[in-house]
Every structure is written in structure tokens, then in C-alpha cells.
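Asks: Have a peek at my_file.tsv (TSV, C-alpha atoms and all ligand atoms).
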chain	number	residue	atom	x	y	z
K	1	MET	CA	-5.15	6.94	-14.11
K	2	ARG	CA	-5.29	3.68	-12.18
K	3	PRO	CA	-7.87	0.90	-12.34
K	4	LEU	CA	-10.05	1.00	-9.22
K	5	PRO	CA	-10.59	-1.99	-6.95
K	6	GLU	CA	-14.04	-3.43	-6.28
K	7	LEU	CA	-14.93	-2.91	-2.62
K	8	THR	CA	-15.78	-6.07	-0.68
K	9	PRO	CA	-16.49	-6.63	3.06
K	10	GLU	CA	-12.93	-7.82	3.58
K	11	ASN	CA	-11.07	-5.13	1.62
K	12	THR	CA	-13.13	-1.98	2.33
K	13	ALA	CA	-11.01	-1.01	5.36
K	14	PHE	CA	-7.82	-1.20	3.28
K	15	TRP	CA	-9.16	0.88	0.38
K	16	THR	CA	-10.98	3.52	2.45
K	17	GLY	CA	-8.56	4.06	5.37
K	18	GLY	CA	-6.89	6.79	3.35
K	19	GLU	CA	-9.87	9.03	4.07
K	20	ARG	CA	-8.46	9.25	7.61
K	21	GLY	CA	-4.86	9.15	6.39
K	22	GLU	CA	-4.52	5.61	7.70
K	23	LEU	CA	-2.99	2.57	6.07
K	24	THR	CA	-5.21	-0.22	7.36
K	25	ILE	CA	-4.08	-3.83	7.44
K	26	ALA	CA	-6.09	-6.88	8.58
K	27	PHE	CA	-4.67	-8.87	11.49
K	28	CYS	CA	-5.71	-12.18	13.01
K	29	GLY	CA	-6.97	-11.73	16.57
K	30	ASP	CA	-5.84	-15.24	17.51
K	31	CYS	CA	-2.39	-15.84	15.98
K	32	ARG	CA	-1.67	-12.06	15.50
K	33	LYS	CA	-0.40	-12.50	11.96
K	34	ALA	CA	-1.14	-9.93	9.29
K	35	VAL	CA	-3.67	-11.14	6.72
K	36	HIS	CA	-2.89	-9.43	3.43
K	37	PRO	CA	-4.50	-9.20	0.96
K	38	PRO	CA	-7.32	-8.91	3.49
K	39	GLN	CA	-9.72	-11.83	3.81
K	40	LEU	CA	-12.29	-12.96	6.35
K	41	LEU	CA	-10.48	-16.15	7.39
K	42	CYS	CA	-6.90	-16.27	8.69
K	43	PRO	CA	-4.89	-18.43	6.26
K	44	ALA	CA	-2.42	-19.36	9.05
K	45	CYS	CA	-4.83	-20.62	11.75
K	46	GLN	CA	-8.30	-20.52	10.08
K	47	SER	CA	-9.57	-18.12	12.74
K	48	GLN	CA	-12.46	-15.86	11.79
K	49	ALA	CA	-11.28	-13.22	14.28
K	50	VAL	CA	-9.68	-11.15	11.52
K	51	ALA	CA	-10.04	-7.39	11.92
K	52	PRO	CA	-8.45	-4.33	10.32
K	53	ARG	CA	-6.34	-1.83	12.22
K	54	ALA	CA	-4.24	1.15	11.26
K	55	VAL	CA	-0.48	0.64	10.96
K	56	ALA	CA	2.24	3.28	10.91
K	57	GLY	CA	2.28	3.56	7.13
K	58	THR	CA	6.06	3.40	6.94
K	59	GLY	CA	8.31	0.85	5.31
K	60	THR	CA	11.33	0.16	3.16
K	61	VAL	CA	11.56	-0.52	-0.56
K	62	TYR	CA	11.84	-4.25	-1.28
K	63	SER	CA	11.80	-3.75	-5.05
K	64	PHE	CA	10.74	-1.18	-7.61
K	65	THR	CA	10.43	-0.49	-11.30
K	66	VAL	CA	10.51	2.70	-13.35
K	67	ASN	CA	7.98	2.82	-16.17
K	68	HIS	CA	8.94	4.80	-19.28
K	69	GLN	CA	6.16	3.53	-21.55
K	70	PRO	CA	3.02	5.70	-21.90
K	71	TRP	CA	0.48	2.87	-21.93
K	72	LEU	CA	-2.40	5.34	-22.15
K	73	PRO	CA	-2.57	8.66	-24.05
K	74	ASP	CA	-2.66	10.79	-20.87
K	75	MET	CA	-0.11	8.77	-18.89
K	76	LYS	CA	2.79	10.87	-17.61
K	77	VAL	CA	6.12	9.07	-17.76
K	78	PRO	CA	8.50	8.16	-16.33
K	79	PHE	CA	7.14	7.07	-12.94
K	80	ALA	CA	8.26	4.59	-10.31
K	81	ILE	CA	6.22	1.83	-8.66
K	82	ALA	CA	7.62	0.39	-5.44
K	83	VAL	CA	6.99	-2.82	-3.49
K	84	VAL	CA	7.41	-1.77	0.15
K	85	ASP	CA	7.88	-3.98	3.23
K	86	LEU	CA	5.78	-2.47	6.03
K	87	ASP	CA	7.68	-1.69	9.25
K	88	ASP	CA	4.98	-2.93	11.63
K	89	ALA	CA	3.20	-5.66	9.65
K	90	PRO	CA	5.75	-8.44	9.11
K	91	GLY	CA	5.43	-10.14	5.74
K	92	VAL	CA	3.15	-7.50	4.26
K	93	ARG	CA	4.26	-5.69	1.11
K	94	VAL	CA	2.25	-2.86	-0.43
K	95	THR	CA	2.81	-2.04	-4.09
K	96	ALA	CA	2.08	1.54	-5.11
K	97	PRO	CA	3.39	4.39	-7.27
K	98	VAL	CA	6.09	6.62	-5.75
K	99	LEU	CA	5.44	10.36	-5.41
K	100	THR	CA	8.72	11.84	-6.58
K	101	ASP	CA	9.93	14.30	-9.18
K	102	ASP	CA	12.82	12.01	-10.04
K	103	PRO	CA	11.91	8.29	-10.28
K	104	ASP	CA	15.56	7.44	-10.91
K	105	THR	CA	16.37	8.28	-7.27
K	106	VAL	CA	14.25	5.40	-5.88
K	107	ARG	CA	16.44	2.73	-4.28
K	108	ILE	CA	16.02	-0.69	-2.67
K	109	GLY	CA	16.08	-0.24	1.11
K	110	GLN	CA	14.86	3.37	0.89
K	111	ALA	CA	12.49	4.47	3.68
K	112	MET	CA	8.97	5.33	2.50
K	113	THR	CA	5.87	6.87	4.07
K	114	ILE	CA	2.32	6.26	2.89
K	115	ALA	CA	0.15	8.89	1.23
K	116	PHE	CA	-3.22	8.58	-0.46
K	117	GLU	CA	-5.02	9.79	-3.56
K	118	ALA	CA	-8.82	9.82	-3.50
K	119	SER	CA	-10.48	8.33	-6.56
K	120	GLY	CA	-14.21	7.70	-6.46
K	121	ASP	CA	-15.04	5.64	-3.37
K	122	VAL	CA	-11.46	4.56	-2.70
K	123	TRP	CA	-8.20	6.08	-1.46
K	124	LEU	CA	-5.36	4.70	-3.52
K	125	PRO	CA	-2.07	4.28	-1.67
K	126	LEU	CA	1.05	6.11	-2.84
K	127	TRP	CA	4.56	5.96	-1.44
K	128	LYS	CA	6.56	9.09	-0.59
K	129	PRO	CA	10.28	8.97	0.10
K	130	ALA	CA	10.51	9.41	3.88
K	131	GLU	CA	12.97	12.31	3.71
K	132	GLN	CA	10.32	14.28	1.83
K	133	ALA	CA	7.51	13.28	4.15
K	134	ALA	CA	7.91	15.90	6.85
X	1	ZN	ZN	-4.54	-16.59	12.63
Would you mind giving the structure from this file in C-alpha cells?
Ligand SMILES: [Zn+2]
Replies:
Amino acid sequence: MRPLPELTPENTAFWTGGERGELTIAFCGDCRKAVHPPQLLCPACQSQAVAPRAVAGTGTVYSFTVNHQPWLPDMKVPFAIAVVDLDDAPGVRVTAPVLTDDPDTVRIGQAMTIAFEASGDVWLPLWKPAEQAA
């Protein structure tokens, strides 16, 4: 049970790419930098040539936390949430729950692969430990 984002012109590609199994990140067409969270204007060079494209959906854990507190009556605990540095979008970190039976095995530096969970109009990102991804 996760709160759902409001879709906007700039973030729709990010939240709906999961329908195609794609993690979609906005990039500036002029300076080539990733623009995340997505917005219509590049914060580095003020270009409006910002457009989304699919990235590999792989990365390494920058940080994580394991939640043991059932904040809602139906919440299953414990679960891990990881902040993951994307392999092919320098500077971009995607925070999402980790799909694992044992949250205590999540480690900084661990390789992760993206997965998605459909919820209403959006596809919420999830991280899977890469060794389980095949
Ligand atoms: Zn730019």
C-alpha cells in the first residue's frame, strides 16, 4: 500500500514506463545530463529540450533502510527500501522498496534490477537483487 503520485506532463513517462517494463529517465538533449525528478526545463543549462528515454534499469544500492513498524493495519513488515544509483544515468538515484524474502540481506553496493508493480494508472518501481533477477 503506497501513496500514488499525481501524473503531470513531465513525470508521466517515469510513472508509466513500467507498463513496457522500462525505467524511463528524462535527459537534456543539449547538455546530456539526466534531469531527475523529471521537469520540463534542464536545471543545468535551462534547455527545454528535455525528453524521457528508457535506461537499463540496473544500479547499485547507495543506501537503504529496513522498516519494522506496521504503519498501517495491513502493512507487512519487515521490508527494505533502497536508494539505488542508476548505472547509466549519472547522479540519478531511485528510491523504491526491495523485493526480497529477507530484507536483512540488503547491502550497500549490492547490484539491483528494476521491476514494477501496477497500481491504478501508474507502475511503481521496485528493486530486485540482481542475482535473483534472471
Ligand atoms: Zn541541459
Asks: What do you get as an NGL selection string if you pick all residues at most 12 Å from ligand ZN 1 (chain X), counting only C-alpha atoms and all ligand atoms?
Replies: :K and (26-36 or 39-51)
Asks: Write out as a ChimeraX atom specification each polymer residue whose atoms come within 12 Å of region 124-132 of chain K, counting all atoms listed in the file; drop sequence neighbours fewer than 4 positions from it.
Replies: /K:1-5,12-19,21-24,57-61,64,79-86,93-103,105-120
Asks: Figure out the distance between CA of Asp87 (chain K) and CA of Thr65 (chain K), please, to one decimal in Å.
Replies: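 Separation of CA of Thr65 (chain K) and CA of Asp87 (chain K): 20.8 Å.
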Asks: So that all listed atoms of region 80-84 of chain K fit with 6 Å spare on each side, what axis-aligned box centre and edge lengths in Å, to one decimal, would you give as JSON?
Replies:
{"center_x": 7.2, "center_y": 0.9, "center_z": -5.1, "size_x": 14.0, "size_y": 19.4, "size_z": 22.5}
Asks: Go ahead and compute the interatomic distance for CA of Pro37 (chain K) and CA of Ser63 (chain K), in Å to one decimal.
Replies: 18.2 Å
Asks: May I ask for the distance between CA of Thr8 (chain K) and CA of Ile25 (chain K), given in Å to one decimal place?
Replies: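 So the two atoms, CA of Thr8 (chain K) and CA of Ile25 (chain K), lie 14.4 Å apart.
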Asks: Go through K:Glu6, K:Arg53, K:Pro38, K:Asn67 one by one, measure the shortest atom-to-atom distance of each to Asp104 (chain K) using all atoms listed in the file, and give the residue with the smallest value.
Replies: K:Asn67
Asks: Please identify all polymer residues within 10 Å of Gln69 (chain K), counting all atoms listed in the file, omitting same-chain residues fewer than 4 positions from it, and present them as a list in words.
Replies: Met75, Lys76, Val77, Pro78 and Phe79 of chain K
